[in-house]
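Visitor: Below is run_38.cif; it holds mmCIF, C-alpha atoms and all ligand atoms.
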data_query
#
loop_
_atom_site.label_atom_id
_atom_site.label_comp_id
_atom_site.auth_asym_id
_atom_site.auth_seq_id
_atom_site.Cartn_x
_atom_site.Cartn_y
_atom_site.Cartn_z
CA MET A 769 128.98 98.35 95.11
CA SER A 770 129.07 95.56 97.66
CA ARG A 771 125.84 94.67 99.42
CA SER A 772 127.27 96.01 102.69
CA HIS A 773 126.87 99.51 101.24
CA TYR A 774 123.20 98.98 100.41
CA ARG A 775 120.60 100.26 102.82
CA ALA A 776 117.05 98.94 103.00
CA LEU A 777 114.03 100.56 104.65
CA ILE A 778 111.36 98.03 105.68
CA THR A 779 107.94 99.13 106.91
CA GLY A 780 106.08 96.77 109.22
CA ALA A 781 109.37 95.28 110.40
CA SER A 782 108.21 94.43 113.94
CA ALA A 783 106.52 91.14 112.96
CA GLY A 784 105.75 88.63 110.22
CA LEU A 785 107.01 89.23 106.69
CA GLY A 786 108.73 92.51 107.60
CA GLU A 787 110.76 90.86 110.36
CA GLU A 788 111.72 88.09 107.93
CA PHE A 789 112.78 90.65 105.27
CA ALA A 790 115.00 92.21 107.95
CA ARG A 791 116.59 88.86 108.85
CA GLN A 792 117.28 87.81 105.25
CA LEU A 793 118.66 91.22 104.25
CA ALA A 794 120.84 91.45 107.36
CA ARG A 795 122.25 88.03 106.44
CA SER A 796 123.10 89.54 103.00
CA ASP A 797 124.92 92.43 104.73
CA TYR A 798 122.39 95.20 104.12
CA SER A 799 122.23 98.13 106.54
CA LEU A 800 118.65 98.44 107.72
CA VAL A 801 116.08 101.02 108.72
CA LEU A 802 113.20 99.27 110.48
CA VAL A 803 109.81 101.01 110.76
CA ALA A 804 106.69 100.09 112.77
CA ARG A 805 104.69 101.29 115.79
CA ARG A 806 105.99 98.84 118.43
CA GLN A 807 109.29 100.32 119.57
CA GLN A 808 110.28 97.48 121.89
CA ARG A 809 109.90 94.88 119.13
CA LEU A 810 111.96 96.98 116.70
CA GLU A 811 114.71 97.57 119.24
CA SER A 812 115.10 93.94 120.24
CA LEU A 813 115.17 92.86 116.55
CA ALA A 814 117.75 95.59 115.82
CA GLU A 815 119.91 94.42 118.73
CA GLU A 816 119.70 90.79 117.60
CA LEU A 817 120.62 91.61 113.96
CA ARG A 818 123.52 93.86 114.98
CA SER A 819 125.04 91.22 117.22
CA GLN A 820 124.37 88.28 114.85
CA TYR A 821 125.39 89.87 111.52
CA GLY A 822 127.36 93.01 112.49
CA VAL A 823 125.14 95.24 110.33
CA GLU A 824 123.95 98.76 111.07
CA VAL A 825 120.27 98.80 112.09
CA THR A 826 118.19 101.92 112.81
CA PRO A 827 114.75 101.42 114.34
CA LEU A 828 112.31 104.26 113.63
CA VAL A 829 108.90 104.30 115.27
CA ALA A 830 106.07 105.53 113.03
CA ASP A 831 102.34 105.03 112.65
CA LEU A 832 101.82 104.92 108.89
CA SER A 833 98.11 105.62 109.25
CA ASP A 834 99.15 109.16 110.26
CA PRO A 835 99.37 111.30 107.08
CA LYS A 836 102.43 113.12 108.45
CA ALA A 837 104.44 109.93 109.08
CA PRO A 838 106.12 109.33 105.67
CA ALA A 839 107.52 112.88 105.41
CA GLU A 840 108.69 112.77 109.04
CA LEU A 841 110.45 109.45 108.41
CA VAL A 842 112.22 110.77 105.34
CA ALA A 843 113.20 113.96 107.21
CA GLN A 844 114.88 111.77 109.86
CA LEU A 845 116.79 109.92 107.12
CA THR A 846 117.86 113.20 105.52
CA ARG A 847 119.13 114.53 108.88
CA ARG A 848 121.27 111.38 109.20
CA SER A 849 122.40 111.61 105.51
CA VAL A 850 120.96 108.15 104.85
CA ASP A 851 120.13 107.13 101.26
CA ILE A 852 117.73 104.22 100.76
CA ASP A 853 118.59 101.73 98.00
CA LEU A 854 115.84 99.19 98.71
CA LEU A 855 112.39 100.26 99.94
CA ILE A 856 110.03 97.54 101.15
CA ASN A 857 106.47 98.82 101.59
CA ASN A 858 105.22 95.94 103.71
CA ALA A 859 103.21 97.36 106.65
CA GLY A 860 99.57 96.36 106.48
CA ALA A 861 96.62 94.84 108.29
CA ALA A 862 93.13 93.49 107.71
CA GLY A 863 90.68 96.37 107.45
CA PRO A 864 87.28 97.45 108.70
CA ASP A 865 84.30 96.67 106.45
CA LEU A 866 83.60 99.86 104.48
CA LEU A 867 79.80 99.60 104.72
CA GLU A 868 79.45 98.19 108.24
CA GLY A 869 81.83 100.37 110.28
CA ARG A 870 80.38 103.91 110.51
CA ASP A 871 83.62 105.53 111.73
CA TRP A 872 84.98 107.35 108.64
CA PRO A 873 88.22 108.55 110.33
CA ALA A 874 89.05 104.86 111.02
CA HIS A 875 88.47 104.06 107.32
CA ARG A 876 90.57 107.03 106.24
CA ALA A 877 93.40 105.92 108.55
CA TYR A 878 93.21 102.43 107.02
CA GLN A 879 93.42 103.76 103.45
CA GLU A 880 96.37 105.89 104.58
CA LEU A 881 98.20 102.82 105.92
CA MET A 882 97.42 100.55 102.96
CA MET A 883 97.85 102.95 100.03
CA THR A 884 98.71 106.61 100.69
CA SER A 885 101.71 105.97 102.94
CA CYS A 886 103.14 103.64 100.30
CA ALA A 887 102.55 106.21 97.53
CA ALA A 888 104.12 108.88 99.76
CA LEU A 889 107.26 106.84 100.50
CA ASN A 890 107.60 106.03 96.80
CA HIS A 891 107.09 109.72 95.96
CA LEU A 892 109.70 110.80 98.51
CA LEU A 893 112.37 108.13 97.95
CA ILE A 894 112.27 107.04 94.28
CA PRO A 895 113.48 110.35 92.72
CA SER A 896 116.82 110.15 94.56
CA MET A 897 117.18 106.47 93.54
CA ARG A 898 116.62 107.55 89.93
CA GLU A 899 119.21 110.30 90.28
CA ARG A 900 121.74 107.79 91.64
CA GLY A 901 120.86 105.32 88.84
CA TYR A 902 120.09 102.50 91.26
CA GLY A 903 117.11 101.52 93.39
CA ARG A 904 114.74 98.70 94.28
CA VAL A 905 111.17 98.95 95.55
CA LEU A 906 109.20 95.94 96.71
CA ASN A 907 105.53 96.62 97.44
CA VAL A 908 103.89 93.81 99.41
CA ALA A 909 100.47 93.30 97.80
CA SER A 910 98.47 90.06 98.02
CA MET A 911 96.67 87.38 96.03
CA ALA A 912 93.58 89.16 97.45
CA GLY A 913 94.40 91.97 95.01
CA ARG A 914 94.06 89.55 92.08
CA LEU A 915 90.46 88.56 92.77
CA MET A 916 87.62 90.88 93.78
CA ARG A 917 85.08 89.24 96.06
CA ALA A 918 81.84 90.34 97.68
CA ASN A 919 82.31 91.45 101.31
CA ASP A 920 85.93 92.46 100.80
CA THR A 921 85.48 96.16 100.13
CA THR A 922 88.77 97.44 101.56
CA TYR A 923 91.68 94.97 101.79
CA GLY A 924 91.45 93.36 98.30
CA PRO A 925 90.85 96.68 96.51
CA ALA A 926 93.81 98.28 98.36
CA LYS A 927 96.06 95.41 97.25
CA ALA A 928 94.75 95.68 93.66
CA TRP A 929 95.78 99.35 93.78
CA MET A 930 99.22 98.29 95.09
CA ILE A 931 99.65 95.98 92.08
CA ALA A 932 98.53 98.62 89.53
CA HIS A 933 100.70 101.30 91.21
CA SER A 934 103.75 99.01 91.05
CA GLU A 935 103.16 98.12 87.39
CA ALA A 936 102.83 101.79 86.42
CA LEU A 937 105.98 102.77 88.36
CA ALA A 938 107.96 99.86 86.91
CA SER A 939 107.17 100.82 83.33
CA THR A 940 107.79 104.52 84.00
CA LEU A 941 111.19 103.71 85.51
CA ARG A 942 112.36 101.22 82.86
CA GLY A 943 115.97 101.89 81.91
CA THR A 944 116.73 104.11 84.92
CA GLY A 945 118.30 101.43 87.17
CA VAL A 946 115.27 101.53 89.50
CA ARG A 947 113.12 98.39 89.66
CA VAL A 948 109.66 98.17 91.23
CA MET A 949 107.80 94.95 91.98
CA ALA A 950 104.51 93.96 93.61
CA LEU A 951 104.82 90.78 95.65
CA CYS A 952 101.55 88.85 95.94
CA PRO A 953 101.58 86.23 98.71
CA GLY A 954 98.66 83.91 99.42
CA PHE A 955 98.15 82.77 103.02
CA VAL A 956 101.30 83.20 105.11
CA ARG A 957 101.77 82.21 108.75
CA THR A 958 102.39 85.53 110.52
CA GLU A 959 100.54 87.62 113.13
CA PHE A 960 98.17 88.86 110.41
CA HIS A 961 95.45 86.36 111.39
CA ALA A 962 96.05 86.69 115.15
CA GLU A 963 93.14 89.11 115.80
CA PRO A 964 90.08 87.25 117.18
CA ASN A 965 87.95 88.32 114.18
CA MET A 966 90.39 86.49 111.88
CA HIS A 967 90.41 83.18 113.77
CA ALA A 968 87.44 81.67 111.88
CA LEU A 969 89.11 82.38 108.53
CA ARG A 970 92.50 81.12 109.78
CA ASP A 971 91.00 77.87 111.07
CA ALA A 972 89.02 77.28 107.86
CA ILE A 973 92.10 77.42 105.59
CA PRO A 974 93.65 73.99 105.00
CA ASP A 975 97.34 73.52 105.83
CA TRP A 976 98.38 73.09 102.20
CA LEU A 977 97.33 76.67 101.36
CA TRP A 978 99.77 78.21 103.88
CA TYR A 979 103.34 79.29 103.13
CA SER A 980 106.09 80.33 105.55
CA SER A 981 107.44 83.90 105.71
CA GLU A 982 110.87 82.44 104.96
CA THR A 983 109.71 81.12 101.53
CA VAL A 984 107.69 84.21 100.60
CA VAL A 985 110.53 86.61 101.42
CA ARG A 986 113.25 84.51 99.78
CA GLU A 987 111.20 84.13 96.58
CA GLY A 988 110.21 87.81 96.62
CA LEU A 989 113.76 89.16 96.93
CA ALA A 990 114.98 86.82 94.16
CA ALA A 991 112.10 87.83 91.85
CA LEU A 992 112.87 91.53 92.40
CA GLU A 993 116.49 90.93 91.38
CA HIS A 994 115.29 89.02 88.29
CA GLY A 995 113.32 92.09 87.19
CA ARG A 996 109.82 90.72 87.78
CA VAL A 997 107.09 93.37 88.03
CA VAL A 998 104.30 91.32 89.63
CA TYR A 999 105.32 88.14 91.42
CA LEU A 1000 102.87 85.60 92.81
CA SER A 1001 104.53 83.86 95.70
CA GLY A 1002 104.18 80.10 96.11
CA ARG A 1003 103.99 77.50 93.34
CA LEU A 1004 100.45 76.60 94.31
CA TYR A 1005 99.23 80.20 93.92
CA ARG A 1006 101.02 80.52 90.59
CA TRP A 1007 99.09 77.46 89.40
CA LEU A 1008 95.78 78.71 90.78
CA ASP A 1009 96.10 82.26 89.43
CA PRO A 1010 95.12 81.58 85.78
CA LEU A 1011 92.00 79.88 87.11
CA THR A 1012 91.12 82.82 89.38
CA GLN A 1013 91.67 85.24 86.48
CA SER A 1014 89.33 83.32 84.16
CA VAL A 1015 86.04 84.85 83.08
CA LEU A 1016 84.25 81.69 84.28
CA THR A 1017 85.63 81.93 87.83
CA ARG A 1018 84.75 85.61 88.07
CA TRP A 1019 81.23 84.88 86.79
CA LEU A 1020 80.86 82.02 89.32
CA LEU A 1021 82.04 84.24 92.21
CA ARG A 1022 79.54 86.93 91.23
CA ARG A 1023 76.73 84.33 91.08
CA LEU A 1024 77.74 82.89 94.45
CA SER A 1025 77.69 86.31 96.09
CA VAL A 1026 74.22 86.99 94.61
CA LEU A 1027 72.98 83.62 95.92
CA ARG A 1028 74.51 84.34 99.34
CA SER A 1029 72.84 87.75 99.56
CA LEU A 1030 69.47 86.15 98.61
CA SER A 1031 69.84 83.60 101.43
CA ASP A 1032 70.85 86.27 104.05
N1 LIG B 1101 99.92 86.93 106.28
C1 LIG B 1101 99.28 86.79 105.14
O1 LIG B 1101 98.57 85.77 104.93
C2 LIG B 1101 99.44 87.82 104.05
C3 LIG B 1101 99.05 87.47 102.75
C4 LIG B 1101 99.19 88.39 101.73
C5 LIG B 1101 99.71 89.64 101.99
N2 LIG B 1101 100.06 89.98 103.24
C6 LIG B 1101 100.58 91.32 103.46
O2 LIG B 1101 101.87 91.22 104.03
C7 LIG B 1101 102.17 92.43 104.74
C8 LIG B 1101 102.76 92.06 106.09
O3 LIG B 1101 101.76 91.39 106.85
P1 LIG B 1101 102.12 90.18 107.83
O4 LIG B 1101 101.41 88.99 107.33
O5 LIG B 1101 103.57 90.12 108.08
O6 LIG B 1101 101.32 90.67 109.13
P2 LIG B 1101 101.81 90.94 110.63
O7 LIG B 1101 102.61 89.80 111.13
O8 LIG B 1101 100.56 91.32 111.36
O9 LIG B 1101 102.75 92.23 110.49
C9 LIG B 1101 102.23 93.48 110.10
C10 LIG B 1101 103.29 94.55 110.27
O10 LIG B 1101 102.73 95.80 109.85
C11 LIG B 1101 102.95 96.76 110.88
N3 LIG B 1101 101.88 97.75 110.93
C12 LIG B 1101 100.54 97.53 111.05
N4 LIG B 1101 99.90 98.70 111.14
C13 LIG B 1101 100.85 99.69 111.09
C14 LIG B 1101 100.81 101.10 111.17
N5 LIG B 1101 99.64 101.77 111.34
N6 LIG B 1101 101.96 101.80 111.07
C15 LIG B 1101 103.15 101.14 110.94
N7 LIG B 1101 103.25 99.80 110.87
C16 LIG B 1101 102.11 99.09 110.95
C17 LIG B 1101 102.99 95.94 112.17
O11 LIG B 1101 103.79 96.61 113.16
P3 LIG B 1101 103.22 97.39 114.44
O12 LIG B 1101 101.97 96.70 114.89
O13 LIG B 1101 104.36 97.30 115.41
O14 LIG B 1101 103.00 98.78 113.95
C18 LIG B 1101 103.74 94.70 111.71
O15 LIG B 1101 105.13 94.91 111.75
C19 LIG B 1101 100.86 93.21 104.83
O16 LIG B 1101 100.87 94.25 103.88
C20 LIG B 1101 99.81 92.17 104.46
O17 LIG B 1101 98.67 92.76 103.88
C21 LIG B 1101 99.95 89.09 104.30
#
Output the structure of this file as structure tokens.
Guide:
Amino acid sequence: MSRSHYRALITGASAGLGEEFARQLARSDYSLVLVARRQQRLESLAEELRSQYGVEVTPLVADLSDPKAPAELVAQLTRRSVDIDLLINNAGAAGPDLLEGRDWPAHRAYQELMMTSCAALNHLLIPSMRERGYGRVLNVASMAGRLMRANDTTYGPAKAWMIAHSEALASTLRGTGVRVMALCPGFVRTEFHAEPNMHALRDAIPDWLWYSSETVVREGLAALEHGRVVYLSGRLYRWLDPLTQSVLTRWLLRRLSVLRSLSD
């Protein structure tokens, strides 16, 4: 099958990594379904990709923190007789602190966006990929899912779940033609750090720790095709990872968080 017959669904396609996935896949002749909340952004990206690459692009507005959203999205695809060959679960955001924010519905909506919507889309779309004997799923996790730290009680744990979920799916689906991969970027220049509460973190990170969306997406798509199950994006992060996984580093991080809480 030529790439022009493949169709990709990208969540969080209105900005950052999702927008870059859309650009690189359109360049490779994929038909696209673009999902996010900001309709205007999706429509102007769709228009640009149609006119630049001549591919079919369908923007679908959805709020993935709404539990009904994944099933409604898939119902729209079914009505249009659209099969998805490549699913990119990319939508995500920094989350509220689990112990500080007292608004449980906001926490539940965050967990829905970061984990349940991804599980739901995988649940709804992977069986038909398996039946057709071909499918690709790329779950955008993070280096934050590789290293648990004090004061990150939501984002890092959600990304650790994303990695474990991808590994379990990949081994379950071995030999079926369906591949699943967790992509773990480090710091990437997108709108992710644009919220005022992220500025201090963004400004504290040295330039050499940042990667571009172009690199992360290009490496991620190639790794998926090479059959990787967990892929750490960026040479620097691949070098740093064994250090972060070491017993000594984990012990040091635990000690540092104890010292910090004593000095608070
Ligand atoms: N940037 C980094 O340093 C970095 C590092 C590691 C991993 N990641 C991960 O990469 C993924 C993409 O993030 P990014 O860096 O590209 O951030 P971004 O530029 O802020 O883009 C986030 C995307 O997610 C969508 N989104 C957010 N909430 C949504 C909701 N409730 N329903 C539907 N769509 C929603 C946004 O669209 P709308 O606002 O239009 O809905 C947007 O398209 C995330 O999963 C993030 O955790 C980012």
Visitor: Got a sec to check which residues lie within 6 Å of ligand LIG 1101 (chain B), using all atoms listed in the file, and send them as a PyMOL selection string?
Guide: chain A and resi 780-786+804-806+830-833+858-861+881+908-910+953-960
Visitor: How would the residues just picked look written out with C-alpha atoms as a tab-separated table (two decimals), in the coordinates of the input?
Guide:
chain	number	residue	atom	x	y	z
A	780	GLY	CA	106.08	96.77	109.22
A	781	ALA	CA	109.37	95.28	110.40
A	782	SER	CA	108.21	94.43	113.94
A	783	ALA	CA	106.52	91.14	112.96
A	784	GLY	CA	105.75	88.63	110.22
A	785	LEU	CA	107.01	89.23	106.69
A	786	GLY	CA	108.73	92.51	107.60
A	804	ALA	CA	106.69	100.09	112.77
A	805	ARG	CA	104.69	101.29	115.79
A	806	ARG	CA	105.99	98.84	118.43
A	830	ALA	CA	106.07	105.53	113.03
A	831	ASP	CA	102.34	105.03	112.65
A	832	LEU	CA	101.82	104.92	108.89
A	833	SER	CA	98.11	105.62	109.25
A	858	ASN	CA	105.22	95.94	103.71
A	859	ALA	CA	103.21	97.36	106.65
A	860	GLY	CA	99.57	96.36	106.48
A	861	ALA	CA	96.62	94.84	108.29
A	881	LEU	CA	98.20	102.82	105.92
A	908	VAL	CA	103.89	93.81	99.41
A	909	ALA	CA	100.47	93.30	97.80
A	910	SER	CA	98.47	90.06	98.02
A	953	PRO	CA	101.58	86.23	98.71
A	954	GLY	CA	98.66	83.91	99.42
A	955	PHE	CA	98.15	82.77	103.02
A	956	VAL	CA	101.30	83.20	105.11
A	957	ARG	CA	101.77	82.21	108.75
A	958	THR	CA	102.39	85.53	110.52
A	959	GLU	CA	100.54	87.62	113.13
A	960	PHE	CA	98.17	88.86	110.41
Visitor: Given the point (113.1, 95.7, 91.4) in the file's coordinates, find the residues that have an atom at most 9 Å from it, counting all atoms listed in the file, and give them as a ChimeraX atom specification.
Guide: /A:854,903-906,938,945-949,989,991-997
Visitor: May I ask for the distance between CA of Leu855 in chain A and CA of Leu777 in chain A, given in Å to one decimal place?
Guide: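 That distance, rounded to one decimal, is 5.0 Å.
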Visitor: For Leu810 in chain A, which of A:Cys952, A:Ile778, A:Leu841, A:Ala912 is the closest residue, counting all atoms listed in the file?
Guide: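 The closest residue to Leu810 in chain A is A:Ile778.
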Visitor: Measuring atom to atom with all atoms listed in the file, identify which of A:Thr921, A:Asn965, A:Thr983, A:Gln844 is nearest to Leu1000 in chain A.
Guide: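 Checking each of A:Thr921, A:Asn965, A:Thr983, A:Gln844 against Leu1000 in chain A, counting all atoms listed in the file, the winner is A:Thr983.
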Visitor: My list of candidates is A:Val825, A:Ala839, A:Val801, A:Ala950. Which is closest to Asp851 in chain A when distances are computed with only C-alpha atoms?
Guide: A:Val801
Visitor: First collect every listed atom of range 900-912 of chain A; then fit an axis-aligned box around them, widen it by 8 Å on each side, and give centre and edge lengths in Å to one decimal, as JSON.
Guide:
{"center_x": 107.7, "center_y": 97.6, "center_z": 94.1, "size_x": 44.2, "size_y": 36.4, "size_z": 26.6}
Visitor: Please tell me which residues are no farther than 8 Å from (96.1, 86.4, 90.7) in the file, counting all atoms listed in the file, and write them as a ChimeraX atom specification.
Guide: /A:911-915,952,1000,1005-1006,1008-1010,1012-1013
Visitor: Can you measure CA of His933 in chain A to CA of Ser1014 in chain A for me? One decimal in Å is fine.
Guide: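 Between these atoms lies a distance of 22.4 Å.
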Visitor: Rank A:Val984, A:Ala837, A:Leu1020, A:Ile852 by their smallest atom-to-atom distance to Ala918 in chain A, using all atoms listed in the file, and report the top residue only.
Guide: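 Among the listed residues, the smallest separation from Ala918 in chain A belongs to A:Leu1020.
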Visitor: Could you check the closest approach to Arg1003 in chain A for each of A:Glu987, A:Asp834, A:Asp971, A:Glu811 and tell me which residue wins, using only C-alpha atoms?
Guide: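 Comparing A:Glu987, A:Asp834, A:Asp971, A:Glu811 against Arg1003 in chain A, the winner is A:Glu987.
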Visitor: Figure out the distance between CA of Tyr774 in chain A and CA of Ser799 in chain A, please, to one decimal in Å.
Guide: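 So the two atoms, CA of Ser799 in chain A and CA of Tyr774 in chain A, lie 6.3 Å apart.
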Visitor: So which residues touch His875 in chain A within 12 Å, counting all atoms listed in the file, skipping near sequence neighbours fewer than 6 positions away, as JSON, numbers by chain?
Guide: {"A": [833, 862, 863, 864, 865, 866, 867, 868, 869, 881, 882, 883, 921, 922, 923, 926]}
Visitor: Those residues with C-alpha atoms, as a CSV table (one decimal), in the frame of the given file please?
Guide:
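Written out: selection.csv:
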chain,number,residue,atom,x,y,z
A,833,SER,CA,98.1,105.6,109.2
A,862,ALA,CA,93.1,93.5,107.7
A,863,GLY,CA,90.7,96.4,107.4
A,864,PRO,CA,87.3,97.4,108.7
A,865,ASP,CA,84.3,96.7,106.4
A,866,LEU,CA,83.6,99.9,104.5
A,867,LEU,CA,79.8,99.6,104.7
A,868,GLU,CA,79.4,98.2,108.2
A,869,GLY,CA,81.8,100.4,110.3
A,881,LEU,CA,98.2,102.8,105.9
A,882,MET,CA,97.4,100.6,103.0
A,883,MET,CA,97.8,103.0,100.0
A,921,THR,CA,85.5,96.2,100.1
A,922,THR,CA,88.8,97.4,101.6
A,923,TYR,CA,91.7,95.0,101.8
A,926,ALA,CA,93.8,98.3,98.4
Visitor: Counting only C-alpha atoms, what is within 10 Å of Arg818 in chain A, bar same-chain residues fewer than 5 positions away, as a ChimeraX atom specification?
Guide: /A:794,799-800,812-813,823-826
Visitor: Measuring atom to atom with all atoms listed in the file, identify which of A:Arg1022, A:Ser796, A:Ser934, A:Leu817 is nearest to Asn890 in chain A.
Guide: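 Answer, going by the shortest atom-to-atom distance: A:Ser934.
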